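To keep things clear, I will list the structure first and then write my remarks on it.
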Amino acid sequence: MHNKSLSELSSSLHNGEFSSVELTQHYLNRINAHNANLNAFITVCDDRALEQARAADLRLQNKTAGMLTGIPLAHKDIFCTKGVLTSSASKMLSNFISPYDATVVEKINAAGMVTLGKTNMDEFAMGSSNETSFYGAVKNPWDISRVPGGSSGGSAAAMAARLAPIATGTDTGGSIRQPASLCNLTGLKPTYGRISRYGMIAFASSLDQAGPMAKSAEDAALLLNEMAGFDERDSTSIDHEVPDYTATLNDSLEGLRIGLPKEFFGEGLDPKVAEAVESAIKVYESLGATVKDITLPNSNLAVPTYYVVAPAECSSNLSRMDGVRFGHRCENPADLEDLYSRSRGEGFGDEVKRRIMTGTYALSAGYYDAYYLKAQQCRRLISNDFKEAFDEVDVIMGPTAPTTAFPLGDKTDDPVAMYLADIYTISTNLAGLPGISIPAGFVDGLPAGLQIIGNYFDEAKLLNVAHRYQQTTDWHKEIPDTFK
């Protein structure tokens with residue numbers, strides 16, 4: 001069952017080959033067998049999942065089921081889920097049972113899908129390796145001595161090990177695409193505002209975006225159909241028509257104009273990863289696409305810009321977590337100041353503290369213009385580079401990550417080296433553009449990913465471009481031997 005695509009699972013459920021309860025129990029058994037080694041899940045919702053599965057089976061029997069009714073999925077533990085621990089992988093929220101559902105959870109529940117559980121992640125989505133979690137590091141199913149990427153590393157590991165048929169993730173600077181690359185998955189970051197952020201615990205409000213993590217572009221399109229749409233409860237949600245993302249998956253790529261930024265193929269890129277990406281691009285040429293060298297001259301500003309903007313916004317967003325209303329509260333505070341300082345000191349991990357302090361400094365009187373304002377000006381330059389590029393090309397391609405999965409602990413003492421793991425993904429978040437990572441081969445037994453960036457609201461084109469490649473290649477079908 002666990003090797004079937006979403007459309008195959010849907011067909012089997014609708015044809016009565018197996019029930020949603022049977023399918024759900026199959027995945028719960030796999031989680032029970034493998035999660036101890038991977039640490040992919042923080043919470044497993046056994047009873048709730050089976051209850052949802054029974055309700056889905058009734059809909060299937062009554063012929064009122066939709067395409068994804070009865071199919072299980074895993075949610076990143078950043079989405080508020082009513083009655084379920086929603087911790088954002090932090091001690092600060094390790095006792096927080098959400099009283100409501102995020103819009104993403106609400107919409108997926110309405111589609112009749114089954115929630116297997118909540119996946120591990122970097123604390124408050126701050127990290128590139130899933131090593132900052134209060135619940136411990138997640139292991140990469142391709143090599144458990146290596147990282148799965150982050151911050152959506154739990155969702156990525158669960159998918160790579162086939163502990164779930166599909167999962168949700170969030171992407172602030174590459175947190176869907178980079179772990180997708182390191183774990184041999186298809187991961188889509190949609191246009192900013194395409195999916196509601198209501199009920200998604202905020203890290204950096206102008207950058208965060210939810211998206212699907214899937215085995216294939218077709219599966220990602222099916223879940224995006226359910227996730228996307230305007231939400232009046234989210235002031236950053238954009239009221240833009242939602243197409244059927246599966247309708248154009250098989251469109252021809254004849255005449256597709258691909259841009260290759262020289263900045264994505266320079267120093268720091270593993271030559272073997274570059275070779276895998278270049279081989280993937282040759283496949284596109286064989287499908288009728290044309291390739292053009294382009295430049296994104298301000299892409300060198302992406303990492304420093306991001307690490308001013310994101311910490312500044314995290315400093316503001318996380319100020320509400322003070323030990324007063326919800327979350328971790330220190331024991332026997334002497335006074336209000338002691339309550340604040342000890343609750344936050346005990347509740348937040350080192351990387352979160354580092355970013356809060358950086359952001360608070362950047363926003364402080366006397367430094368706002370020099371840092372935050374300047375970073376926003378650089379952000380506009382980065383966005384303009386993409387705008388000019390899309391006057392000449394339809395999509396932009398390059399590596400998703402500069403290397404394959406690195407060993408656990410390899411970069412934990414060097415924050416700057418860790419930040420550079422997202423060097424090719426950050427700029428799309430700063431510009432608000434959609435991007436997708438797809439499997440493009442292996443380097444010494446570890447997956448490498450191809451990143452495809454599109455213009456605003458061009459998710460359907462990205463999924464079409466990804467799908468046609470996956471019809472020609474089998475990289476996305478590869479599974480670690482241990483989990484077959």
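Letters for chains follow the order of the structure tokens (A, B, ...), residue numbers begin at 1 for each chain, and ligand numbers begin at 1 in the order shown.
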- Which neighbours of Asn62 of chain A fall inside 12 Å, counting only C-alpha atoms, when residues of the same chain fewer than 6 positions from it are skipped, and could you give them as number ranges by chain? A: 14, 55-56
Once you have the residues from the selection above, write them out as a PDB file, in the first residue's frame, restricted to N, CA and C atoms.
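Result file out.pdb:
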ATOM      1  N   HIS A  14     -12.086   3.901  -3.397  1.00  0.00           N
ATOM      2  CA  HIS A  14     -13.396   4.039  -4.038  1.00  0.00           C
ATOM      3  C   HIS A  14     -13.891   2.717  -4.628  1.00  0.00           C
ATOM      4  N   ALA A  55     -15.104   7.422   9.727  1.00  0.00           N
ATOM      5  CA  ALA A  55     -16.004   8.423   9.127  1.00  0.00           C
ATOM      6  C   ALA A  55     -15.788   8.498   7.620  1.00  0.00           C
ATOM      7  N   ALA A  56     -14.544   8.378   7.183  1.00  0.00           N
ATOM      8  CA  ALA A  56     -14.242   8.401   5.748  1.00  0.00           C
ATOM      9  C   ALA A  56     -14.845   7.188   5.047  1.00  0.00           C
TER      10      ALA A  56
END
Counting only C-alpha atoms, which residues of segment 43-113 of chain A fall within 10 Å of segment 141-155 of chain A, and what is the closest atom pair for each with its distance in Å at one decimal, ordered by chain and rising number, as JSON lines?
{"residue": "A:Leu73", "atom": "CA", "partner": "A:Ser155", "partner_atom": "CA", "distance": 9.7}
{"residue": "A:Ala74", "atom": "CA", "partner": "A:Ser155", "partner_atom": "CA", "distance": 6.9}
{"residue": "A:His75", "atom": "CA", "partner": "A:Ser155", "partner_atom": "CA", "distance": 7.2}
{"residue": "A:Lys76", "atom": "CA", "partner": "A:Ser155", "partner_atom": "CA", "distance": 6.1}
{"residue": "A:Asp77", "atom": "CA", "partner": "A:Gly154", "partner_atom": "CA", "distance": 8.9}
{"residue": "A:Ile78", "atom": "CA", "partner": "A:Ser152", "partner_atom": "CA", "distance": 9.5}
Give me every strand (DSSP E or B) residue in segment 23-56 of chain A, going by DSSP on the backbone, as an mmCIF file with C-alpha atoms, in the first residue's frame.
data_model
loop_
_atom_site.group_PDB
_atom_site.id
_atom_site.type_symbol
_atom_site.label_atom_id
_atom_site.label_comp_id
_atom_site.auth_asym_id
_atom_site.auth_seq_id
_atom_site.Cartn_x
_atom_site.Cartn_y
_atom_site.Cartn_z
ATOM 1 C CA PHE A 41 6.778 12.203 14.687
ATOM 2 C CA ILE A 42 6.252 14.174 17.872
ATOM 3 C CA THR A 43 2.652 13.015 18.299
ATOM 4 C CA VAL A 44 0.910 9.986 16.776
#
- Extract the full set of helix (DSSP H, G or I) residues from segment 146-350 of chain A according to DSSP on the backbone, and format it as a PyMOL selection string. chain A and resi 153-160+177-183+217-227+262-265+271-286+299-320+336-347+350
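The residue set within 8 Å of His240 of chain A, counting only C-alpha atoms and dropping same-chain residues fewer than 6 places from it, reads Arg194, Gly229 and Phe230 of chain A.
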Could you take the residues named above and write them with C-alpha atoms, as a compact mmCIF listing (two decimals), in the first residue's frame?
# COMPACT_ATOMS: atom_id res chain seq x y z
CA ARG A 194 -1.64 31.30 -1.87
CA GLY A 229 -7.54 29.44 -1.41
CA PHE A 230 -8.42 32.79 0.11
- Message: List the spatial neighbours of segment 96-111 of chain A as a PyMOL selection string - criterion: any atom at most 7 Å away, only C-alpha atoms, same-chain residues fewer than 6 positions off excluded.
- Response: chain A and resi 66+68-69+79-87+196+198-200+226-227+327
Could those selected residues go to a file with C-alpha atoms, as a tab-separated table (two decimals), in the first residue's frame?
chain	number	residue	atom	x	y	z
A	66	GLY	CA	-14.01	13.22	-2.61
A	68	LEU	CA	-8.67	12.39	-1.10
A	69	THR	CA	-11.30	11.10	1.33
A	79	PHE	CA	-0.24	23.78	12.36
A	80	CYS	CA	-2.71	24.23	15.22
A	81	THR	CA	-4.81	21.07	15.48
A	82	LYS	CA	-7.81	21.12	17.80
A	83	GLY	CA	-7.40	18.87	20.81
A	84	VAL	CA	-3.88	17.80	19.83
A	85	LEU	CA	-0.48	18.89	21.16
A	86	THR	CA	0.85	21.65	18.89
A	87	SER	CA	4.35	22.40	20.11
A	196	SER	CA	-3.77	30.62	4.50
A	198	TYR	CA	-4.22	31.29	9.94
A	199	GLY	CA	-3.39	28.87	12.74
A	200	MET	CA	0.14	28.31	11.49
A	226	GLU	CA	-7.31	21.19	-1.06
A	227	MET	CA	-4.88	23.56	0.70
A	327	GLY	CA	3.01	27.71	27.14
